[in-house]
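Undergrad: Structure file start09.csv, CSV, C-alpha atoms, is pasted below:
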chain,number,residue,atom,x,y,z
A,1,MET,CA,-189.6,221.4,79.2
A,2,SER,CA,-189.7,224.9,77.6
A,3,LYS,CA,-189.6,228.1,79.7
A,4,ARG,CA,-193.1,228.9,78.4
A,5,ALA,CA,-194.4,225.5,79.6
A,6,ILE,CA,-192.8,225.9,83.0
A,7,LEU,CA,-194.3,229.4,83.4
A,8,CYS,CA,-197.8,228.1,82.5
A,9,THR,CA,-197.4,225.3,85.0
A,10,VAL,CA,-196.4,227.6,87.8
A,11,LEU,CA,-199.2,230.1,87.0
A,12,PHE,CA,-201.8,227.3,86.9
A,13,ALA,CA,-200.5,225.9,90.3
A,14,PHE,CA,-200.6,229.4,91.8
A,15,VAL,CA,-204.2,230.1,90.6
A,16,CYS,CA,-205.3,226.6,91.7
A,17,SER,CA,-203.7,227.0,95.1
A,18,SER,CA,-205.3,230.4,95.6
A,19,ARG,CA,-208.7,229.1,94.7
A,20,VAL,CA,-208.5,226.0,96.9
A,21,MET,CA,-207.1,227.9,99.9
A,22,ALA,CA,-209.8,230.5,99.6
A,23,SER,CA,-212.3,227.7,100.4
A,24,PHE,CA,-210.9,227.4,103.9
A,25,ALA,CA,-211.4,229.9,106.7
A,26,GLY,CA,-207.7,229.5,107.4
A,27,SER,CA,-204.9,227.2,106.3
A,28,PRO,CA,-205.7,223.6,107.0
A,29,CYS,CA,-202.0,223.1,107.8
A,30,ASN,CA,-202.3,224.3,111.4
A,31,GLU,CA,-200.2,223.6,114.4
A,32,THR,CA,-202.2,220.6,115.5
A,33,LEU,CA,-200.6,218.5,112.8
A,34,THR,CA,-197.2,218.8,114.5
A,35,ASN,CA,-198.4,218.1,118.0
A,36,HIS,CA,-196.6,214.8,118.0
A,37,ILE,CA,-193.2,216.3,117.5
A,38,PRO,CA,-191.5,216.7,120.9
A,39,THR,CA,-190.4,220.1,122.1
A,40,ARG,CA,-186.7,220.6,121.4
A,41,PRO,CA,-184.7,220.1,124.6
A,42,ALA,CA,-182.9,223.1,125.9
A,43,THR,CA,-179.7,221.1,126.0
A,44,ALA,CA,-180.0,219.7,122.5
A,45,PRO,CA,-176.9,220.0,120.4
A,46,SER,CA,-176.8,222.4,117.4
A,47,GLY,CA,-176.2,221.0,113.9
A,48,ARG,CA,-172.5,221.7,114.1
A,49,GLU,CA,-172.2,220.2,117.6
A,50,PHE,CA,-174.1,217.1,116.5
A,51,MET,CA,-171.8,216.7,113.4
A,52,GLN,CA,-168.8,216.9,115.7
A,53,GLN,CA,-170.3,214.3,118.0
A,54,VAL,CA,-170.9,211.7,115.2
A,55,SER,CA,-167.7,212.4,113.3
A,56,GLY,CA,-165.7,209.2,113.3
A,57,MET,CA,-168.6,207.0,114.3
A,58,SER,CA,-169.5,203.9,112.3
A,59,ASP,CA,-172.4,204.3,109.9
A,60,ASP,CA,-174.6,202.2,112.2
A,61,ALA,CA,-173.7,204.3,115.3
A,62,ARG,CA,-174.3,207.6,113.4
A,63,GLU,CA,-177.7,206.4,112.2
A,64,ALA,CA,-178.7,205.5,115.8
A,65,ALA,CA,-177.6,208.9,116.9
A,66,ILE,CA,-179.6,210.6,114.2
A,67,LEU,CA,-182.7,208.6,115.2
A,68,GLY,CA,-182.2,209.5,118.8
A,69,GLN,CA,-181.9,213.2,118.3
A,70,LEU,CA,-184.9,213.4,116.0
A,71,LEU,CA,-187.2,211.4,118.3
A,72,GLN,CA,-186.2,213.7,121.1
A,73,GLY,CA,-187.4,216.6,119.1
A,74,ASN,CA,-184.0,218.2,118.2
A,75,ILE,CA,-185.3,219.9,115.0
A,76,PRO,CA,-185.5,223.6,114.2
A,77,THR,CA,-188.6,225.5,115.0
A,78,PHE,CA,-189.2,226.6,111.4
A,79,LEU,CA,-189.7,223.0,110.3
A,80,ARG,CA,-192.7,222.7,112.6
A,81,HIS,CA,-194.8,225.2,110.6
A,82,LEU,CA,-196.3,223.2,107.7
A,83,LYS,CA,-197.0,224.6,104.3
A,84,PRO,CA,-200.0,223.7,102.0
A,85,VAL,CA,-199.3,222.2,98.6
A,86,VAL,CA,-202.3,221.9,96.2
A,87,LEU,CA,-202.9,218.8,94.0
A,88,SER,CA,-205.7,218.5,91.5
A,89,GLU,CA,-206.9,216.0,89.0
A,90,ARG,CA,-209.9,215.5,86.7
A,91,LEU,CA,-211.6,212.3,87.8
A,92,ALA,CA,-213.1,209.7,85.5
A,93,ASN,CA,-216.5,211.3,85.9
A,94,GLY,CA,-215.2,214.6,84.6
A,95,GLN,CA,-215.2,216.3,88.0
A,96,LEU,CA,-212.2,218.3,89.0
A,97,SER,CA,-211.1,217.2,92.4
A,98,LYS,CA,-208.6,219.1,94.6
A,99,ALA,CA,-206.5,218.2,97.5
A,100,ILE,CA,-204.1,219.8,99.9
A,101,VAL,CA,-201.1,218.1,101.5
A,102,CYS,CA,-199.3,219.7,104.4
A,103,VAL,CA,-195.6,219.5,104.1
A,104,ALA,CA,-192.5,220.7,106.1
A,105,PRO,CA,-191.0,223.8,104.5
A,106,ASP,CA,-187.6,222.1,104.0
A,107,TYR,CA,-185.9,218.8,104.6
A,108,LEU,CA,-185.6,217.3,108.0
A,109,ALA,CA,-182.8,218.7,110.0
A,110,ILE,CA,-181.1,218.4,113.4
A,111,GLY,CA,-180.3,221.5,115.4
A,112,SER,CA,-181.7,225.0,116.0
A,113,ASP,CA,-183.0,227.7,113.6
A,114,ASP,CA,-179.6,229.3,113.9
A,115,ASN,CA,-177.5,226.2,113.4
A,116,PHE,CA,-178.9,223.1,111.8
A,117,LEU,CA,-177.8,220.1,109.7
A,118,LEU,CA,-180.1,218.9,106.9
A,119,VAL,CA,-179.4,215.3,107.7
A,120,PRO,CA,-179.5,212.4,105.3
A,121,MET,CA,-180.6,209.1,106.8
A,122,ARG,CA,-181.6,205.5,105.9
A,123,LEU,CA,-185.1,204.7,104.8
A,124,ARG,CA,-186.0,202.9,108.0
A,125,THR,CA,-184.9,205.8,110.1
A,126,ALA,CA,-186.9,208.2,108.0
A,127,LEU,CA,-190.0,206.2,108.2
A,128,THR,CA,-189.6,205.6,111.9
A,129,VAL,CA,-189.3,209.3,112.6
A,130,ALA,CA,-192.1,210.2,110.2
A,131,THR,CA,-194.6,207.7,111.6
A,132,ASP,CA,-193.7,208.7,115.2
A,133,PHE,CA,-194.4,212.4,114.4
A,134,GLY,CA,-197.6,211.7,112.5
A,135,PHE,CA,-196.2,212.0,109.0
A,136,THR,CA,-195.2,210.0,106.0
A,137,LEU,CA,-193.0,210.4,102.9
A,138,PRO,CA,-194.1,212.0,99.6
A,139,THR,CA,-194.7,210.4,96.2
A,140,ARG,CA,-193.1,211.5,93.0
A,141,LYS,CA,-196.1,213.6,92.1
A,142,MET,CA,-196.0,215.4,95.5
A,143,VAL,CA,-192.3,216.1,95.0
A,144,ASP,CA,-193.0,217.7,91.7
A,145,ALA,CA,-195.8,219.8,93.1
A,146,ILE,CA,-193.7,220.9,96.0
A,147,TYR,CA,-191.0,222.1,93.6
A,148,THR,CA,-193.5,223.9,91.4
A,149,GLN,CA,-195.2,225.7,94.2
A,150,ALA,CA,-192.2,226.5,96.4
A,151,PRO,CA,-191.4,230.2,96.4
A,152,VAL,CA,-187.7,229.4,97.1
A,153,HIS,CA,-185.8,227.4,94.5
A,154,LEU,CA,-182.3,226.4,95.3
A,155,ARG,CA,-179.9,225.3,92.6
A,156,PRO,CA,-178.7,221.7,93.1
A,157,GLN,CA,-175.0,221.5,94.1
A,158,PRO,CA,-173.9,217.9,93.4
A,159,LEU,CA,-170.5,216.9,94.8
A,160,ALA,CA,-168.0,214.5,93.2
A,161,ALA,CA,-169.1,210.9,93.5
A,162,SER,CA,-166.8,208.8,95.7
A,163,ASP,CA,-166.7,206.5,98.6
A,164,THR,CA,-166.7,209.5,100.9
A,165,MET,CA,-170.1,210.8,99.8
A,166,ARG,CA,-171.7,208.8,102.7
A,167,THR,CA,-169.4,210.3,105.3
A,168,THR,CA,-170.3,212.9,108.0
A,169,GLY,CA,-167.8,215.2,106.4
A,170,TYR,CA,-169.6,215.2,103.1
A,171,TYR,CA,-172.9,215.7,104.9
A,172,TRP,CA,-171.7,218.8,106.6
A,173,HIS,CA,-169.8,220.2,103.5
A,174,HIS,CA,-173.0,220.0,101.4
A,175,ASN,CA,-175.1,221.4,104.2
A,176,GLU,CA,-172.8,224.5,104.3
A,177,LEU,CA,-173.1,224.9,100.5
A,178,VAL,CA,-176.9,224.8,100.9
A,179,ARG,CA,-176.8,227.2,103.9
A,180,GLU,CA,-174.7,229.8,102.0
A,181,GLN,CA,-177.0,229.7,99.0
A,182,ARG,CA,-180.1,230.0,101.3
A,183,LEU,CA,-178.7,232.9,103.3
A,184,ALA,CA,-178.1,234.8,100.0
A,185,MET,CA,-181.9,234.8,99.4
A,186,PRO,CA,-184.1,237.4,101.0
A,187,GLU,CA,-186.9,235.0,102.1
A,188,PRO,CA,-186.8,233.9,105.7
A,189,LEU,CA,-186.5,230.3,106.9
A,190,GLY,CA,-189.9,228.7,106.9
A,191,ILE,CA,-190.9,229.6,103.4
A,192,LEU,CA,-191.5,226.5,101.3
A,193,THR,CA,-188.1,225.6,99.8
A,194,ALA,CA,-187.0,223.0,97.2
A,195,GLY,CA,-184.0,222.1,95.0
A,196,ASP,CA,-181.5,221.5,97.8
A,197,LYS,CA,-181.9,217.7,98.1
A,198,LYS,CA,-183.2,214.5,96.5
A,199,ASP,CA,-186.3,212.9,98.1
A,200,LEU,CA,-186.9,209.5,99.6
A,201,VAL,CA,-190.3,208.6,98.2
A,202,LEU,CA,-193.1,206.0,98.3
A,203,THR,CA,-193.7,204.1,95.1
A,204,ASN,CA,-195.2,200.8,94.0
A,205,ARG,CA,-191.8,199.8,92.8
A,206,LEU,CA,-190.8,199.1,96.4
A,207,TRP,CA,-193.2,196.1,96.5
A,208,SER,CA,-190.8,194.4,94.1
A,209,ASN,CA,-187.7,195.8,95.9
A,210,LEU,CA,-188.4,195.6,99.6
A,211,ALA,CA,-184.7,195.7,100.4
A,212,ARG,CA,-184.3,199.0,98.5
A,213,VAL,CA,-184.8,202.7,98.9
A,214,ALA,CA,-186.7,204.8,96.3
A,215,ILE,CA,-185.1,208.2,95.5
A,216,TYR,CA,-186.4,210.9,93.2
A,217,GLY,CA,-186.0,214.6,92.5
A,218,TRP,CA,-183.4,217.4,93.0
A,219,HIS,CA,-184.9,219.6,90.4
A,220,LEU,CA,-182.9,221.9,88.2
A,221,PRO,CA,-184.0,225.5,87.5
A,222,ASP,CA,-185.8,224.3,84.4
A,223,GLY,CA,-188.0,222.0,86.5
A,224,VAL,CA,-186.3,218.8,85.3
A,225,PRO,CA,-185.1,216.5,88.2
A,226,ILE,CA,-181.5,215.3,88.2
A,227,GLN,CA,-182.7,212.0,89.8
A,228,PRO,CA,-185.3,210.0,88.0
A,229,LEU,CA,-187.3,207.6,90.2
A,230,SER,CA,-184.7,204.9,91.2
A,231,THR,CA,-184.6,201.9,93.4
A,232,VAL,CA,-181.0,201.0,92.7
A,233,HIS,CA,-179.7,201.4,96.2
A,234,GLY,CA,-180.3,199.2,99.2
A,235,MET,CA,-182.5,200.4,102.0
A,236,ARG,CA,-179.5,201.0,104.3
A,237,TYR,CA,-178.0,203.4,101.8
A,238,SER,CA,-177.9,207.2,102.3
A,239,ASP,CA,-175.6,209.9,101.0
A,240,TYR,CA,-175.1,213.7,101.3
A,241,SER,CA,-177.7,214.4,98.5
A,242,HIS,CA,-180.7,212.7,100.2
A,243,GLY,CA,-183.3,214.7,102.1
A,244,ILE,CA,-186.5,213.7,104.1
A,245,ARG,CA,-189.5,215.8,103.4
A,246,LEU,CA,-192.1,215.2,106.0
A,247,VAL,CA,-195.7,215.1,104.7
A,248,SER,CA,-198.6,215.1,107.2
A,249,ALA,CA,-200.5,211.8,107.5
A,250,ILE,CA,-203.6,214.0,107.2
A,251,ALA,CA,-204.5,215.4,103.8
A,252,TYR,CA,-207.6,217.3,102.7
A,253,VAL,CA,-209.7,216.3,99.7
A,254,ASP,CA,-212.3,218.8,98.6
A,255,GLY,CA,-212.1,220.3,102.1
A,256,GLU,CA,-212.4,217.0,104.0
A,257,ALA,CA,-209.7,215.7,106.3
A,258,ARG,CA,-208.6,212.2,105.3
A,259,GLN,CA,-205.8,209.7,106.1
A,260,LEU,CA,-203.2,210.1,103.4
A,261,LEU,CA,-202.1,206.5,103.3
A,262,SER,CA,-205.7,205.4,102.9
A,263,LEU,CA,-206.1,207.9,100.1
A,264,LEU,CA,-203.0,206.5,98.4
A,265,GLU,CA,-204.6,203.0,98.5
A,266,ASP,CA,-207.9,204.2,97.0
A,267,PRO,CA,-207.9,203.7,93.2
A,268,HIS,CA,-210.2,206.7,92.8
A,269,ALA,CA,-208.6,209.2,95.1
A,270,ALA,CA,-205.0,208.1,94.6
A,271,VAL,CA,-204.7,209.9,91.3
A,272,LEU,CA,-204.6,213.2,93.2
A,273,PHE,CA,-201.5,212.2,95.0
A,274,SER,CA,-199.6,209.7,92.8
A,275,ASP,CA,-198.8,209.6,89.1
A,276,GLU,CA,-198.7,205.8,89.5
A,277,GLY,CA,-202.3,205.6,90.5
A,278,ALA,CA,-203.0,203.7,93.8
A,279,ILE,CA,-200.0,202.7,95.9
A,280,ARG,CA,-200.9,199.1,96.7
A,281,HIS,CA,-201.5,198.5,100.4
A,282,ALA,CA,-199.6,201.7,101.2
A,283,ALA,CA,-199.9,201.4,105.0
A,284,ASP,CA,-198.6,197.8,104.8
A,285,LEU,CA,-195.7,198.9,102.6
A,286,VAL,CA,-194.7,201.6,105.1
A,287,ASN,CA,-195.0,199.1,108.0
A,288,ILE,CA,-192.8,196.6,106.2
A,289,LEU,CA,-190.1,199.1,105.2
A,290,SER,CA,-190.0,200.6,108.7
A,291,SER,CA,-189.9,197.2,110.5
A,292,GLN,CA,-186.8,196.8,112.5
A,293,GLY,CA,-184.6,194.1,110.9
A,294,ALA,CA,-187.4,191.9,109.7
A,295,PRO,CA,-186.1,189.7,106.9
A,296,VAL,CA,-188.1,189.5,103.7
A,297,SER,CA,-188.9,185.8,104.4
A,298,ASP,CA,-190.8,186.9,107.5
A,299,ILE,CA,-193.2,189.3,105.7
A,300,SER,CA,-194.5,187.0,103.0
A,301,ALA,CA,-198.0,187.2,104.3
A,302,LEU,CA,-198.1,191.0,103.7
A,303,THR,CA,-196.4,190.8,100.4
A,304,ALA,CA,-198.9,188.3,99.2
A,305,HIS,CA,-201.7,191.0,99.0
The structure given in the file should be rewritten as structure tokens.

TA:
Amino acid sequence: MSKRAILCTVLFAFVCSSRVMASFAGSPCNETLTNHIPTRPATAPSGREFMQQVSGMSDDAREAAILGQLLQGNIPTFLRHLKPVVLSERLANGQLSKAIVCVAPDYLAIGSDDNFLLVPMRLRTALTVATDFGFTLPTRKMVDAIYTQAPVHLRPQPLAASDTMRTTGYYWHHNELVREQRLAMPEPLGILTAGDKKDLVLTNRLWSNLARVAIYGWHLPDGVPIQPLSTVHGMRYSDYSHGIRLVSAIAYVDGEARQLLSLLEDPHAAVLFSDEGAIRHAADLVNILSSQGAPVSDISALTAH
């Protein structure tokens, strides 16, 4: 993609975003959308303290600890203030339809505003937390829109591929690299930020790969993602480069509040949110992927849709 093309895309997104947001009395991404996230306990560990607690744990034990901390609300305050991202598409009837999704300003983290860990996790953990909080995962189109509209772009910092890339030490090392880069920027935490991690995403490809995780993103400064959409890894896989971007389960289409998963299933509305068109039975897909230990043989009724 040329620099001119990128500039045009960014300018269009800015103009589109400004016009759509002007139609609302205030941002639709208000605090009610985060009401299901528990208040952070006063005794909750910081990101560094949590890292020290899970250091040396087995992968399964660490994953359980991640889930426990998140469900207790041990996430920074700045992640609770959602940011609007505008999506638009010209429909078959020629009408330009516009939507807003409300997204966390950065990837899911454990800890406080002063000391947090951008924490990778397995797909099941991510979906369990997202659903419990009233959120879901983005699509590839949403990830691209988030990057385009984010005022803060971090440069990806890949680490050497090895067996240790799934360890807690790698998680923390990469977190510190991202933190240093972020602190060097003048914008405060809570501004929409992208480029620091790959995303776990929803895609129709998962219907053919229910034991896999779909990964996409980690955009370079020219707007090209390092990671094309992939379902190579198993659903229990996570490494230091993965991030979880929470997207509110409520989206706004032409000013009307709607359930995002229902919109993703709607062949007419889905084009606003997905470059694949409709995500077939999106709600069922999320339920299957987040089911606790259910073997594929036990979910044949749902996959038969």

Undergrad: Which is closest to A:Pro188 among A:Gln157, A:Ser262, A:Leu117, A:Phe78, if we use all atoms listed in the file?

TA: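 Among the listed residues, the smallest separation from A:Pro188 belongs to A:Phe78.
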
Undergrad: With only C-alpha atoms as the basis for distance, which of A:Ala278, A:Met51, A:Ala92, A:Val143 is at the shortest distance from A:His173?

TA: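 Residue with the minimum atom-to-atom distance to A:His173: A:Met51.
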
Undergrad: Just want the 6 Å neighbourhood of stretch 96-108 of chain A, counted on all atoms listed in the file, with same-chain residues fewer than 2 positions away dropped. Output as a VMD selection string.

TA: chain A and resid 29 79 82 to 90 118 190 to 193 243 to 248 251 to 254

Undergrad: Hey, what's within 9 Å of A:Leu91 if we count all atoms listed in the file and toss same-chain stuff fewer than 3 positions away? As a VMD selection string, please?

TA: chain A and resid 94 to 97 268 to 269 271 to 272

Undergrad: Tell me which of A:Lys141, A:Arg124, A:Arg179, A:Arg62 sits closest to A:Gly277, counting all atoms listed in the file.

TA: A:Lys141

Undergrad: Quick one: of A:Asn209, A:Ser230, A:Gln149, A:Thr131, who's nearest to A:Val286, counting only C-alpha atoms?

TA: A:Thr131

Undergrad: Quote the spacing between atom CA of A:Val224 and atom CA of A:Thr139 in Å to one decimal place.

TA: 16.1 Å

Undergrad: Which residue, A:Ser291, A:Phe273, A:Asn74, A:Arg80, has the smallest gap to A:Ala145 when you use all atoms listed in the file?

TA: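 Ranking A:Ser291, A:Phe273, A:Asn74, A:Arg80 by distance to A:Ala145, first place goes to A:Phe273.
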
Undergrad: Using Å and a single decimal, report how far atom CA of A:Ala214 sits from atom CA of A:Pro267.

TA: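 If I compute the distance from atom CA of A:Pro267 to atom CA of A:Ala214, I get 21.5 Å.
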
Undergrad: Would you mind reading off the distance between atom CA of A:Ser241 and atom CA of A:Asp132, one decimal, in Å?

TA: 23.8 Å
